[in-house]
file coords-v7.cif (mmCIF, C-alpha atoms)
data_target
loop_
_atom_site.label_atom_id
_atom_site.label_comp_id
_atom_site.auth_asym_id
_atom_site.auth_seq_id
_atom_site.Cartn_x
_atom_site.Cartn_y
_atom_site.Cartn_z
CA MET A 1 8.64 35.00 -10.49
CA GLY A 2 8.23 37.58 -7.75
CA ILE A 3 10.17 38.74 -4.73
CA LYS A 4 8.91 35.83 -2.62
CA TYR A 5 10.68 33.42 -4.94
CA TRP A 6 14.04 35.20 -4.69
CA LEU A 7 13.75 35.69 -0.93
CA GLN A 8 14.35 31.95 -0.69
CA LEU A 9 18.04 32.72 -1.20
CA PHE A 10 18.16 33.85 2.42
CA LEU A 11 17.03 30.37 3.51
CA PHE A 12 20.25 28.66 2.46
CA PRO A 13 21.86 29.15 5.91
CA ILE A 14 18.83 27.42 7.47
CA TYR A 15 19.21 24.55 5.02
CA TRP A 16 22.87 24.03 5.91
CA PHE A 17 22.03 24.34 9.61
CA SER A 18 19.47 21.53 9.27
CA PHE A 19 22.32 19.10 8.51
CA LEU A 20 23.56 19.59 12.08
CA ILE A 21 20.37 18.38 13.77
CA PRO A 22 20.46 14.66 14.68
CA ARG A 23 17.58 12.80 13.05
CA ASN A 24 15.49 10.01 14.53
CA LYS A 25 15.33 6.97 12.22
CA HIS A 26 11.88 6.07 13.60
CA ILE A 27 10.26 9.36 12.56
CA TRP A 28 9.03 9.26 8.95
CA LEU A 29 7.53 12.41 7.46
CA PHE A 30 4.93 12.65 4.69
CA GLY A 31 3.67 15.43 2.43
CA SER A 32 1.98 15.89 -0.93
CA THR A 33 1.81 18.44 -3.77
CA TRP A 34 3.73 21.35 -2.25
CA GLY A 35 2.06 20.62 1.07
CA ARG A 36 -1.38 21.62 -0.17
CA ARG A 37 -3.02 18.20 -0.59
CA PHE A 38 -3.59 14.94 1.26
CA ALA A 39 -3.21 12.67 -1.72
CA ASP A 40 -1.61 9.93 -3.75
CA ASN A 41 1.14 7.55 -2.70
CA PRO A 42 2.19 9.52 0.43
CA ARG A 43 -1.43 9.50 1.66
CA TYR A 44 -1.85 5.75 1.43
CA PHE A 45 1.59 4.84 2.74
CA TYR A 46 1.03 7.20 5.68
CA LEU A 47 -2.40 5.72 6.42
CA TYR A 48 -1.04 2.18 6.16
CA LEU A 49 1.80 2.82 8.59
CA SER A 50 -0.48 4.73 10.98
CA GLN A 51 -3.08 1.96 11.00
CA HIS A 52 -0.59 -0.92 11.38
CA LYS A 53 1.75 0.42 14.05
CA LYS A 54 1.32 -2.71 16.15
CA ASP A 55 2.57 -4.83 13.24
CA HIS A 56 5.91 -3.05 13.02
CA GLN A 57 8.69 -4.84 14.89
CA ASN A 58 10.76 -1.69 14.74
CA ALA A 59 8.42 1.16 15.62
CA VAL A 60 7.80 3.66 12.84
CA ARG A 61 6.23 6.98 13.75
CA PRO A 62 4.45 8.39 10.66
CA VAL A 63 3.88 12.16 10.76
CA TRP A 64 2.02 14.18 8.13
CA ILE A 65 3.37 17.67 7.46
CA GLY A 66 1.09 20.04 5.53
CA HIS A 67 0.58 23.66 4.53
CA ASP A 68 -3.22 23.45 4.78
CA ARG A 69 -4.50 23.75 8.35
CA SER A 70 -7.87 22.19 7.48
CA ILE A 71 -6.15 18.94 6.44
CA ILE A 72 -4.12 18.90 9.65
CA ARG A 73 -7.26 19.49 11.71
CA ILE A 74 -9.14 16.58 10.11
CA LEU A 75 -6.23 14.18 10.54
CA ASN A 76 -5.81 15.20 14.18
CA GLU A 77 -9.53 14.77 14.85
CA MET A 78 -9.31 11.24 13.42
CA GLY A 79 -6.43 10.39 15.74
CA TYR A 80 -3.54 10.73 13.28
CA GLU A 81 -0.34 12.63 13.96
CA ALA A 82 -0.05 15.67 11.68
CA TYR A 83 1.38 19.18 12.00
CA TYR A 84 1.20 22.47 10.16
CA ASN A 85 4.59 23.03 8.56
CA HIS A 86 5.15 26.49 10.09
CA SER A 87 4.09 25.53 13.61
CA LEU A 88 6.78 24.94 16.23
CA LYS A 89 6.05 21.21 16.25
CA GLY A 90 5.97 21.12 12.47
CA ILE A 91 9.40 22.76 12.27
CA TRP A 92 10.74 20.47 14.98
CA TYR A 93 9.65 17.29 13.25
CA CYS A 94 10.92 18.53 9.89
CA LEU A 95 14.32 18.81 11.55
CA ARG A 96 14.09 15.50 13.40
CA GLY A 97 12.42 13.21 10.87
CA LYS A 98 14.89 10.81 9.26
CA VAL A 99 12.90 9.92 6.13
CA TYR A 100 10.92 12.28 3.87
CA PHE A 101 8.21 10.77 1.65
CA TYR A 102 6.57 12.97 -0.99
CA ASP A 103 5.02 12.79 -4.45
CA ASN A 104 6.63 15.78 -6.13
CA TYR A 105 9.65 17.32 -4.40
CA PRO A 106 11.07 17.71 -0.86
CA LYS A 107 9.27 21.05 -0.59
CA ASP A 108 6.05 19.02 -0.30
CA ILE A 109 7.26 18.79 3.32
CA SER A 110 10.08 21.32 3.74
CA GLN A 111 13.04 21.69 1.41
CA TRP A 112 14.86 24.10 3.68
CA LEU A 113 14.70 21.89 6.79
CA SER A 114 15.52 18.63 5.02
CA GLY A 115 19.32 18.55 5.31
CA GLY A 116 20.50 15.11 6.36
CA ALA A 117 17.16 13.40 5.80
CA VAL A 118 16.73 10.40 3.50
CA LYS A 119 14.41 11.57 0.70
CA VAL A 120 12.13 9.05 -1.00
CA ASN A 121 10.14 10.39 -3.93
CA LEU A 122 7.00 8.26 -4.31
CA TRP A 123 5.97 10.24 -7.41
CA HIS A 124 2.42 10.27 -8.76
CA GLY A 125 2.18 7.91 -11.68
CA ALA A 126 3.73 5.37 -14.01
CA PRO A 127 4.72 7.58 -16.94
CA LEU A 128 3.19 7.27 -20.38
CA LYS A 129 4.35 10.76 -21.31
CA LYS A 130 7.96 11.86 -20.78
CA ILE A 131 8.71 13.50 -17.45
CA GLN A 132 11.44 15.48 -15.68
CA MET A 133 14.83 15.29 -17.42
CA ASP A 134 13.36 13.27 -20.30
CA ASN A 135 10.86 16.01 -21.16
CA ILE A 136 12.62 18.28 -23.65
CA HIS A 137 9.68 20.71 -23.55
CA ASP A 138 10.33 21.47 -19.87
CA LYS A 139 11.53 25.08 -19.77
CA VAL A 140 12.81 24.79 -16.19
CA ARG A 141 15.23 21.97 -16.97
CA TYR A 142 15.87 23.00 -20.59
CA PRO A 143 15.66 26.80 -20.69
CA ASP A 144 15.99 28.41 -24.12
CA ARG A 145 17.66 31.61 -22.97
CA ARG A 146 20.58 32.41 -20.67
CA VAL A 147 18.36 34.60 -18.52
CA ASP A 148 16.05 31.63 -17.95
CA LYS A 149 18.98 29.47 -16.84
CA LEU A 150 19.55 31.96 -14.04
CA ARG A 151 15.86 32.53 -13.47
CA TYR A 152 15.13 28.84 -12.88
CA ALA A 153 18.36 27.96 -11.07
CA LEU A 154 16.78 28.24 -7.63
CA ARG A 155 13.80 26.16 -8.65
CA ARG A 156 16.06 23.48 -10.08
CA PHE A 157 17.73 23.27 -6.69
CA THR A 158 14.49 22.97 -4.73
CA ASP A 159 13.06 20.48 -7.23
CA GLU A 160 16.07 18.31 -7.95
CA LYS A 161 18.60 18.57 -5.11
CA PRO A 162 19.82 16.74 -3.19
CA SER A 163 19.47 13.40 -4.89
CA HIS A 164 16.82 11.06 -3.53
CA PHE A 165 15.40 7.61 -4.01
CA ILE A 166 12.64 7.37 -6.60
CA LEU A 167 9.82 4.83 -6.50
CA SER A 168 8.87 2.70 -9.51
CA PRO A 169 5.85 0.38 -9.72
CA SER A 170 7.88 -2.32 -11.54
CA ASP A 171 11.22 -3.33 -13.00
CA PHE A 172 9.88 -2.40 -16.42
CA PHE A 173 9.52 1.26 -15.46
CA ALA A 174 12.72 1.40 -13.37
CA PRO A 175 15.04 2.47 -16.24
CA ILE A 176 12.58 5.22 -17.20
CA PHE A 177 12.51 6.63 -13.68
CA SER A 178 16.28 6.31 -13.50
CA SER A 179 16.66 8.37 -16.67
CA ALA A 180 13.98 10.93 -15.80
CA PHE A 181 15.39 11.63 -12.34
CA ALA A 182 19.06 11.09 -13.23
CA THR A 183 19.60 8.57 -10.45
CA GLN A 184 20.39 4.89 -10.01
CA LYS A 185 18.54 4.84 -6.68
CA VAL A 186 15.27 3.29 -7.84
CA LEU A 187 12.96 1.28 -5.55
CA THR A 188 10.69 -1.18 -7.38
CA THR A 189 8.27 -2.03 -4.59
CA GLY A 190 5.05 -0.85 -6.25
CA PHE A 191 2.81 2.15 -5.60
CA PRO A 192 1.12 2.31 -2.16
CA ARG A 193 -2.04 3.75 -3.71
CA THR A 194 -2.76 0.51 -5.60
CA ASP A 195 -3.24 -1.30 -2.29
CA VAL A 196 -6.67 0.34 -2.03
CA PHE A 197 -7.77 -1.65 -5.12
CA THR A 198 -6.66 -5.03 -3.92
CA GLY A 199 -7.50 -5.49 -0.24
CA GLU A 200 -8.70 -4.05 3.04
CA GLN A 201 -5.33 -3.15 4.53
CA ILE A 202 -6.00 0.60 4.37
CA HIS A 203 -9.01 2.37 5.83
CA ASN A 204 -9.32 5.64 3.94
CA VAL A 205 -9.79 8.96 5.71
CA LEU A 206 -11.90 11.40 3.72
CA LEU A 207 -11.51 15.15 3.79
CA ASP A 208 -14.68 17.26 4.02
CA SER A 209 -14.68 18.11 0.31
CA GLU A 210 -14.14 14.47 -0.62
CA ARG A 211 -16.80 13.10 1.73
CA ASP A 212 -19.65 15.25 0.41
CA THR A 213 -18.94 14.41 -3.23
CA TYR A 214 -18.26 10.75 -2.46
CA ASN A 215 -21.61 10.34 -0.70
CA LYS A 216 -23.42 12.12 -3.53
CA ILE A 217 -21.90 9.88 -6.21
CA LYS A 218 -22.45 6.79 -4.10
CA GLU A 219 -26.15 7.62 -3.82
CA LEU A 220 -26.51 8.36 -7.55
CA LYS A 221 -24.69 5.11 -8.40
CA LYS A 222 -27.77 3.20 -7.29
CA GLU A 223 -29.55 4.33 -10.45
CA LYS A 224 -26.91 5.72 -12.82
CA LYS A 225 -23.85 4.39 -14.61
CA ILE A 226 -20.75 6.27 -13.46
CA PHE A 227 -18.21 7.51 -16.02
CA LEU A 228 -15.12 8.97 -14.37
CA TYR A 229 -13.39 11.50 -16.63
CA MET A 230 -9.77 12.14 -15.61
CA PRO A 231 -7.77 14.13 -18.18
CA THR A 232 -4.14 15.06 -17.75
CA PHE A 233 -2.96 18.67 -17.57
CA ARG A 234 -1.72 20.41 -20.73
CA ASP A 235 -2.32 23.74 -22.52
CA SER A 236 -4.46 22.15 -25.22
CA GLU A 237 -7.01 20.83 -22.70
CA THR A 238 -9.00 24.02 -23.34
CA LYS A 239 -10.04 22.47 -26.66
CA PHE A 240 -12.39 20.19 -24.73
CA PHE A 241 -15.17 22.74 -24.99
CA ASP A 242 -14.44 23.25 -28.69
CA VAL A 243 -15.03 19.55 -29.29
CA MET A 244 -17.92 19.08 -26.87
CA ARG A 245 -21.36 20.66 -27.30
CA MET A 246 -22.25 20.41 -23.65
CA GLU A 247 -25.96 21.12 -23.92
CA GLU A 248 -26.31 18.26 -26.38
CA PHE A 249 -23.97 16.04 -24.34
CA GLU A 250 -25.96 16.64 -21.16
CA ARG A 251 -29.11 15.60 -22.99
CA TYR A 252 -27.34 12.39 -24.06
CA LEU A 253 -26.34 11.71 -20.45
CA ARG A 254 -29.89 12.28 -19.23
CA GLU A 255 -31.43 10.02 -21.89
CA ASN A 256 -29.06 7.18 -21.01
CA ASN A 257 -29.08 7.75 -17.25
CA TYR A 258 -25.31 8.33 -17.14
CA LEU A 259 -23.34 10.37 -14.60
CA PHE A 260 -20.25 12.14 -15.95
CA CYS A 261 -17.88 12.72 -13.01
CA THR A 262 -14.93 14.92 -13.87
CA LYS A 263 -11.75 14.91 -11.79
CA LEU A 264 -9.43 17.52 -13.29
CA HIS A 265 -5.71 17.80 -12.66
CA CYS A 266 -5.05 20.18 -9.77
CA LYS A 267 -3.34 22.60 -12.20
CA SER A 268 -6.13 22.47 -14.80
CA LYS A 269 -7.47 25.71 -16.30
CA LEU A 270 -10.95 24.27 -16.84
CA ARG A 271 -12.29 24.31 -13.29
CA LYS A 272 -14.58 27.31 -13.70
CA GLU A 273 -15.97 26.00 -16.97
CA PHE A 274 -16.86 22.65 -15.43
CA GLU A 275 -18.31 24.30 -12.34
CA SER A 276 -20.64 26.27 -14.57
CA ILE A 277 -22.09 23.11 -16.20
CA ALA A 278 -22.28 20.93 -13.09
CA GLY A 279 -25.74 19.56 -12.47
CA GLU A 280 -27.81 16.40 -12.25
CA HIS A 281 -25.69 14.45 -14.75
CA VAL A 282 -22.34 16.27 -14.57
CA ILE A 283 -20.36 16.40 -11.32
CA LEU A 284 -17.05 18.17 -10.78
CA ILE A 285 -14.87 16.53 -8.15
CA ASP A 286 -12.60 18.97 -6.34
CA PRO A 287 -9.37 19.02 -8.40
CA ASN A 288 -7.36 18.91 -5.15
CA ALA A 289 -9.16 15.78 -3.96
CA ASP A 290 -7.43 12.42 -4.13
CA PRO A 291 -8.73 10.57 -7.23
CA TYR A 292 -8.42 7.14 -5.62
CA VAL A 293 -11.29 8.00 -3.30
CA PHE A 294 -13.60 7.90 -6.32
CA VAL A 295 -12.10 5.22 -8.58
CA GLY A 296 -13.94 2.43 -6.78
CA LEU A 297 -17.31 4.12 -7.44
CA SER A 298 -16.77 4.36 -11.18
CA ASP A 299 -17.97 1.92 -13.83
CA VAL A 300 -15.84 3.25 -16.69
CA LEU A 301 -12.73 5.43 -16.87
CA ILE A 302 -12.43 8.10 -19.58
CA THR A 303 -8.96 9.58 -19.85
CA ASP A 304 -6.44 10.73 -22.45
CA TYR A 305 -2.72 10.64 -21.64
CA SER A 306 -2.97 10.36 -17.88
CA SER A 307 -1.08 7.59 -16.10
CA ILE A 308 -4.24 6.85 -14.11
CA TYR A 309 -5.07 4.27 -16.77
CA PHE A 310 -2.20 2.02 -15.67
CA ASP A 311 -3.63 1.79 -12.16
CA TYR A 312 -7.18 1.46 -13.46
CA LEU A 313 -6.18 -1.72 -15.29
CA LEU A 314 -6.16 -3.38 -11.87
CA THR A 315 -9.92 -2.86 -11.58
CA GLY A 316 -10.69 -4.84 -14.76
CA LYS A 317 -13.23 -2.17 -15.76
CA PRO A 318 -13.49 -0.54 -19.24
CA ILE A 319 -11.18 2.33 -20.21
CA LEU A 320 -11.98 4.83 -22.97
CA PHE A 321 -9.39 7.25 -24.37
CA PHE A 322 -10.68 10.69 -25.37
CA ASP A 323 -7.68 12.01 -27.34
CA TYR A 324 -9.20 14.95 -29.22
CA ASP A 325 -5.87 16.88 -29.18
CA LEU A 326 -3.44 14.03 -29.74
CA GLU A 327 -1.46 15.58 -32.61
CA GLU A 328 -1.00 18.91 -30.84
CA TYR A 329 -0.18 17.24 -27.56
CA LEU A 330 2.60 15.13 -29.06
CA SER A 331 4.12 18.00 -31.02
CA ARG A 332 3.89 20.80 -28.47
CA SER A 333 3.40 19.41 -24.97
CA ARG A 334 5.01 16.02 -24.39
CA GLU A 335 6.70 13.20 -26.19
CA MET A 336 5.81 9.70 -25.05
CA TYR A 337 7.97 6.82 -23.89
CA PHE A 338 5.95 4.32 -25.92
CA ASP A 339 3.88 4.19 -29.06
CA TYR A 340 0.57 5.64 -27.93
CA GLU A 341 -1.67 3.32 -29.93
CA ALA A 342 0.21 0.19 -28.96
CA PHE A 343 0.45 1.00 -25.27
CA THR A 344 -3.10 2.16 -24.54
CA PRO A 345 -5.39 -0.90 -24.64
CA GLY A 346 -8.77 0.74 -25.00
CA HIS A 347 -11.05 2.23 -27.61
CA LYS A 348 -10.29 5.77 -28.77
CA ALA A 349 -12.52 8.76 -29.46
CA ALA A 350 -11.59 12.15 -30.93
CA THR A 351 -15.06 13.71 -31.25
CA MET A 352 -18.12 13.98 -29.06
CA GLU A 353 -20.04 11.62 -31.34
CA GLU A 354 -17.30 8.99 -31.14
CA LEU A 355 -17.17 9.33 -27.36
CA GLN A 356 -20.91 8.91 -27.01
CA ASN A 357 -20.86 5.82 -29.23
CA LEU A 358 -18.13 4.25 -27.10
CA MET A 359 -19.91 5.10 -23.86
CA LYS A 360 -23.00 3.35 -25.19
CA ARG A 361 -20.97 0.32 -26.34
CA THR A 362 -19.82 -0.32 -22.77
CA GLU A 363 -23.38 -1.48 -22.13
CA GLU A 364 -22.86 -4.44 -24.49
CA SER A 365 -22.33 -7.88 -23.02
CA GLY A 366 -18.68 -8.89 -23.29
CA TYR A 367 -17.54 -5.37 -24.18
CA GLY A 368 -13.75 -5.12 -24.54
CA GLN A 369 -13.01 -8.85 -24.44
CA GLU A 370 -10.78 -8.49 -27.49
CA LEU A 371 -8.58 -6.16 -25.40
CA TYR A 372 -8.06 -8.63 -22.56
CA LYS A 373 -4.74 -10.06 -23.75
CA LYS A 374 -3.23 -6.65 -24.44
CA ARG A 375 -4.44 -5.27 -21.12
CA ALA A 376 -2.89 -8.24 -19.32
CA GLU A 377 0.44 -7.61 -21.06
CA ILE A 378 0.47 -3.93 -20.10
CA LEU A 379 -0.61 -4.75 -16.56
CA GLU A 380 2.28 -7.17 -16.15
CA LYS A 381 4.75 -4.55 -17.39
CA ALA A 382 3.26 -1.79 -15.27
CA PHE A 383 3.31 -3.67 -11.98
CA GLY A 384 5.02 -7.01 -12.42
CA HIS A 385 2.74 -8.32 -9.67
CA ASP A 386 -0.89 -8.16 -8.63
CA GLY A 387 -0.67 -4.68 -7.11
CA LYS A 388 -0.99 -6.02 -3.57
CA ASN A 389 1.16 -5.31 -0.50
CA SER A 390 3.06 -2.42 -2.04
CA CYS A 391 3.05 -0.57 1.29
CA GLU A 392 4.63 -3.49 3.13
CA ARG A 393 7.30 -3.96 0.46
CA LEU A 394 8.14 -0.26 0.55
CA LYS A 395 8.35 -0.22 4.34
CA ASP A 396 10.73 -3.19 4.31
CA ALA A 397 12.87 -1.61 1.58
CA VAL A 398 13.28 1.63 3.53
CA MET A 399 13.92 -0.07 6.88
CA HIS A 400 16.20 -2.88 5.74
CA ARG A 401 17.82 -1.66 2.53
CA ILE A 402 18.12 2.09 2.96
CA LEU A 403 18.37 2.89 6.67
CA ARG A 404 20.49 -0.12 7.61
CA CYS A 405 22.87 0.49 4.71
CA GLN A 406 23.20 4.10 5.79
CA GLU A 407 23.88 3.05 9.38
CA ARG A 408 26.62 0.67 8.26
CA LYS A 409 28.14 3.41 6.13
CA GLU A 410 28.13 5.83 9.05
CA GLU A 411 29.74 3.22 11.33
CA HIS A 412 32.68 2.86 8.92
CA GLU A 413 33.26 6.59 8.60
#
call {"tool": "encode", "arguments": {"input": "coords-v7.cif", "output": "structure tokens"}}
result
Amino acid sequence: MGIKYWLQLFLFPIYWFSFLIPRNKHIWLFGSTWGRRFADNPRYFYLYLSQHKKDHQNAVRPVWIGHDRSIIRILNEMGYEAYYNHSLKGIWYCLRGKVYFYDNYPKDISQWLSGGAVKVNLWHGAPLKKIQMDNIHDKVRYPDRRVDKLRYALRRFTDEKPSHFILSPSDFFAPIFSSAFATQKVLTTGFPRTDVFTGEQIHNVLLDSERDTYNKIKELKKEKKIFLYMPTFRDSETKFFDVMRMEEFERYLRENNYLFCTKLHCKSKLRKEFESIAGEHVILIDPNADPYVFVGLSDVLITDYSSIYFDYLLTGKPILFFDYDLEEYLSRSREMYFDYEAFTPGHKAATMEELQNLMKRTEESGYGQELYKKRAEILEKAFGHDGKNSCERLKDAVMHRILRCQERKEEHE
């Protein structure tokens, strides 16, 4: 951690000052992934509110705050309200917005200008692997040495404080989120991003990098079967190229007319390697792109320990698990909340040969029918509903349960 990290100490007076600025309950702010992306639950909740303003009895003014000027430019050109976080208007709205929505931490918008705002963490997945306070391998929350306790103290503040509401896709996952984020303030309204699977309530807005790749895959889909590979981030992901003989695998893809679309985690270390093998049958989607732009184009999902598989269950399409580093992952990276085999209803592959065999099997009529009952059970636990209208339920929860309760509390003080 360099000097820039420790210079944040001088921002504490600004943070305390931000508590003095009166906030407008109609201004709701949105940000994603440290302000660098336009993605995930904040993206779709923001788009929903922006596109359905006329439907809101009590006007909500959704404003996107980002650290990437190109994202702000595109949103503005499409008629959406968005500001660069360090612009005068960006700073003003960070101070005036009553509700902060983000998928990681308040610093997705602005930690240091957030005093007095209601913070709603929409997070970025229903957890299969242990997260936050439940992850004993997390060196920030569980440092081994005294020096690390001091070293990570500032980050623990920006990541964890002050307490906020956390979103859960169902009652089943609510206790897990409560434990992981050490809070009883859990909203079980569903994930906004699943609304794109189940209706036409949200018209997506594509960034330049997303549009080009989307159109390319859409064109190739006319003649190729689309396999979407979405692995989770971990140190042992580098073993992918130890397991895969890519020249041979590319030949297999060509012979079967398959397209292998890879969407890496935004922190993945494999980007350059995949860029070097991209071609007619292997496409690398920008790791910073929103994955839900491409899910609808896919025919089969290939993943490992990523929570994307919960959402993908809503599509009814096949899911393959490529868990070539399972033993190492469980022992060194993350423990899981559930038994992996029992909670992942899909066929597993640990080698390239096994993966190829499973990919070919998805061509069979009635493939995966024996998994239907188990998939239905997991789907019910994951969402507790059909995945529809999550945005509307979340909007109502914030307006009627959170803001009104806070107003009544302030009136009695």
call {"tool": "resolve_selection", "arguments": {"input": "coords-v7.cif", "expression": "the PyMOL selection byres ((chain A and resi 397) around 12)", "output": "PyMOL selection string"}}
result
chain A and resi 120+165+167+185-190+390-396+398-405
call {"tool": "closest_residue", "arguments": {"input": "coords-v7.cif", "among": "A:Leu9, A:Ala376, A:Ile308, A:Leu264", "to": "Lys129 (chain A)", "atoms": "only C-alpha atoms"}}
result
A:Ile308
call {"tool": "resolve_selection", "arguments": {"input": "coords-v7.cif", "expression": "the PyMOL selection byres ((chain A and resi 134) around 12)", "output": "PDB file with C-alpha atoms, in the coordinates of the input"}}
result
ATOM      1  CA  PRO A 127       4.720   7.580 -16.940  1.00  0.00           C
ATOM      2  CA  LEU A 128       3.190   7.270 -20.380  1.00  0.00           C
ATOM      3  CA  LYS A 129       4.350  10.760 -21.310  1.00  0.00           C
ATOM      4  CA  LYS A 130       7.960  11.860 -20.780  1.00  0.00           C
ATOM      5  CA  ILE A 131       8.710  13.500 -17.450  1.00  0.00           C
ATOM      6  CA  GLN A 132      11.440  15.480 -15.680  1.00  0.00           C
ATOM      7  CA  MET A 133      14.830  15.290 -17.420  1.00  0.00           C
ATOM      8  CA  ASN A 135      10.860  16.010 -21.160  1.00  0.00           C
ATOM      9  CA  ILE A 136      12.620  18.280 -23.650  1.00  0.00           C
ATOM     10  CA  HIS A 137       9.680  20.710 -23.550  1.00  0.00           C
ATOM     11  CA  ASP A 138      10.330  21.470 -19.870  1.00  0.00           C
ATOM     12  CA  LYS A 139      11.530  25.080 -19.770  1.00  0.00           C
ATOM     13  CA  ARG A 141      15.230  21.970 -16.970  1.00  0.00           C
ATOM     14  CA  TYR A 142      15.870  23.000 -20.590  1.00  0.00           C
ATOM     15  CA  PRO A 175      15.040   2.470 -16.240  1.00  0.00           C
ATOM     16  CA  ILE A 176      12.580   5.220 -17.200  1.00  0.00           C
ATOM     17  CA  PHE A 177      12.510   6.630 -13.680  1.00  0.00           C
ATOM     18  CA  SER A 178      16.280   6.310 -13.500  1.00  0.00           C
ATOM     19  CA  SER A 179      16.660   8.370 -16.670  1.00  0.00           C
ATOM     20  CA  ALA A 180      13.980  10.930 -15.800  1.00  0.00           C
ATOM     21  CA  PHE A 181      15.390  11.630 -12.340  1.00  0.00           C
ATOM     22  CA  ALA A 182      19.060  11.090 -13.230  1.00  0.00           C
ATOM     23  CA  ARG A 334       5.010  16.020 -24.390  1.00  0.00           C
ATOM     24  CA  GLU A 335       6.700  13.200 -26.190  1.00  0.00           C
ATOM     25  CA  MET A 336       5.810   9.700 -25.050  1.00  0.00           C
ATOM     26  CA  TYR A 337       7.970   6.820 -23.890  1.00  0.00           C
TER      27      TYR A 337
END
call {"tool": "resolve_selection", "arguments": {"input": "coords-v7.cif", "expression": "the PyMOL selection byres ((chain A and resi 60) around 6)", "output": "PDB file with C-alpha atoms, keeping the file's coordinate frame"}}
result
ATOM      1  CA  HIS A  26      11.880   6.070  13.600  1.00  0.00           C
ATOM      2  CA  ALA A  59       8.420   1.160  15.620  1.00  0.00           C
ATOM      3  CA  ARG A  61       6.230   6.980  13.750  1.00  0.00           C
TER       4      ARG A  61
END
call {"tool": "residues_around", "arguments": {"input": "coords-v7.cif", "residues": "region 90-105 of chain A", "least_positions_apart": "6", "cutoff": "7 Å", "atoms": "all atoms listed in the file", "output": "PyMOL selection string"}}
result
chain A and resi 18+21-25+27-33+41-42+65+83-84+113-114+117-124+159
call {"tool": "write_last_selection", "arguments": {"input": "coords-v7.cif", "atoms": "C-alpha atoms", "output": "PDB file, keeping the file's coordinate frame"}}
result
ATOM      1  CA  SER A  18      19.470  21.530   9.270  1.00  0.00           C
ATOM      2  CA  ILE A  21      20.370  18.380  13.770  1.00  0.00           C
ATOM      3  CA  PRO A  22      20.460  14.660  14.680  1.00  0.00           C
ATOM      4  CA  ARG A  23      17.580  12.800  13.050  1.00  0.00           C
ATOM      5  CA  ASN A  24      15.490  10.010  14.530  1.00  0.00           C
ATOM      6  CA  LYS A  25      15.330   6.970  12.220  1.00  0.00           C
ATOM      7  CA  ILE A  27      10.260   9.360  12.560  1.00  0.00           C
ATOM      8  CA  TRP A  28       9.030   9.260   8.950  1.00  0.00           C
ATOM      9  CA  LEU A  29       7.530  12.410   7.460  1.00  0.00           C
ATOM     10  CA  PHE A  30       4.930  12.650   4.690  1.00  0.00           C
ATOM     11  CA  GLY A  31       3.670  15.430   2.430  1.00  0.00           C
ATOM     12  CA  SER A  32       1.980  15.890  -0.930  1.00  0.00           C
ATOM     13  CA  THR A  33       1.810  18.440  -3.770  1.00  0.00           C
ATOM     14  CA  ASN A  41       1.140   7.550  -2.700  1.00  0.00           C
ATOM     15  CA  PRO A  42       2.190   9.520   0.430  1.00  0.00           C
ATOM     16  CA  ILE A  65       3.370  17.670   7.460  1.00  0.00           C
ATOM     17  CA  TYR A  83       1.380  19.180  12.000  1.00  0.00           C
ATOM     18  CA  TYR A  84       1.200  22.470  10.160  1.00  0.00           C
ATOM     19  CA  LEU A 113      14.700  21.890   6.790  1.00  0.00           C
ATOM     20  CA  SER A 114      15.520  18.630   5.020  1.00  0.00           C
ATOM     21  CA  ALA A 117      17.160  13.400   5.800  1.00  0.00           C
ATOM     22  CA  VAL A 118      16.730  10.400   3.500  1.00  0.00           C
ATOM     23  CA  LYS A 119      14.410  11.570   0.700  1.00  0.00           C
ATOM     24  CA  VAL A 120      12.130   9.050  -1.000  1.00  0.00           C
ATOM     25  CA  ASN A 121      10.140  10.390  -3.930  1.00  0.00           C
ATOM     26  CA  LEU A 122       7.000   8.260  -4.310  1.00  0.00           C
ATOM     27  CA  TRP A 123       5.970  10.240  -7.410  1.00  0.00           C
ATOM     28  CA  HIS A 124       2.420  10.270  -8.760  1.00  0.00           C
ATOM     29  CA  ASP A 159      13.060  20.480  -7.230  1.00  0.00           C
TER      30      ASP A 159
END
call {"tool": "residues_around", "arguments": {"input": "coords-v7.cif", "residues": "Arg375 (chain A)", "least_positions_apart": "4", "cutoff": "9 Å", "atoms": "all atoms listed in the file", "output": "ChimeraX atom specification"}}
result
/A:313,316,343-346,371,379-380
call {"tool": "residues_around", "arguments": {"input": "coords-v7.cif", "residues": "Gln201 (chain A)", "least_positions_apart": "4", "cutoff": "10 Å", "atoms": "all atoms listed in the file", "output": "list in words"}}
result
Leu47, Tyr48, Gln51, His52, Asp195, Val196, Lys388, Asn389 and Cys391 of chain A
call {"tool": "atom_distance", "arguments": {"input": "coords-v7.cif", "atom1": "CA of Tyr15 (chain A)", "atom2": "CA of Ile166 (chain A)"}}
result
21.8 Å
call {"tool": "closest_residue", "arguments": {"input": "coords-v7.cif", "among": "A:Leu301, A:Met78, A:Val140, A:Ala289", "to": "Phe157 (chain A)", "atoms": "only C-alpha atoms"}}
result
A:Val140
call {"tool": "atom_distance", "arguments": {"input": "coords-v7.cif", "atom1": "CA of Leu228 (chain A)", "atom2": "CA of Tyr258 (chain A)"}}
result
10.6 Å
call {"tool": "atom_distance", "arguments": {"input": "coords-v7.cif", "atom1": "CA of Thr232 (chain A)", "atom2": "CA of Gln184 (chain A)"}}
result
27.7 Å
call {"tool": "closest_residue", "arguments": {"input": "coords-v7.cif", "among": "A:Phe38, A:Tyr46, A:Tyr329, A:Phe338", "to": "Arg73 (chain A)", "atoms": "only C-alpha atoms"}}
result
A:Phe38
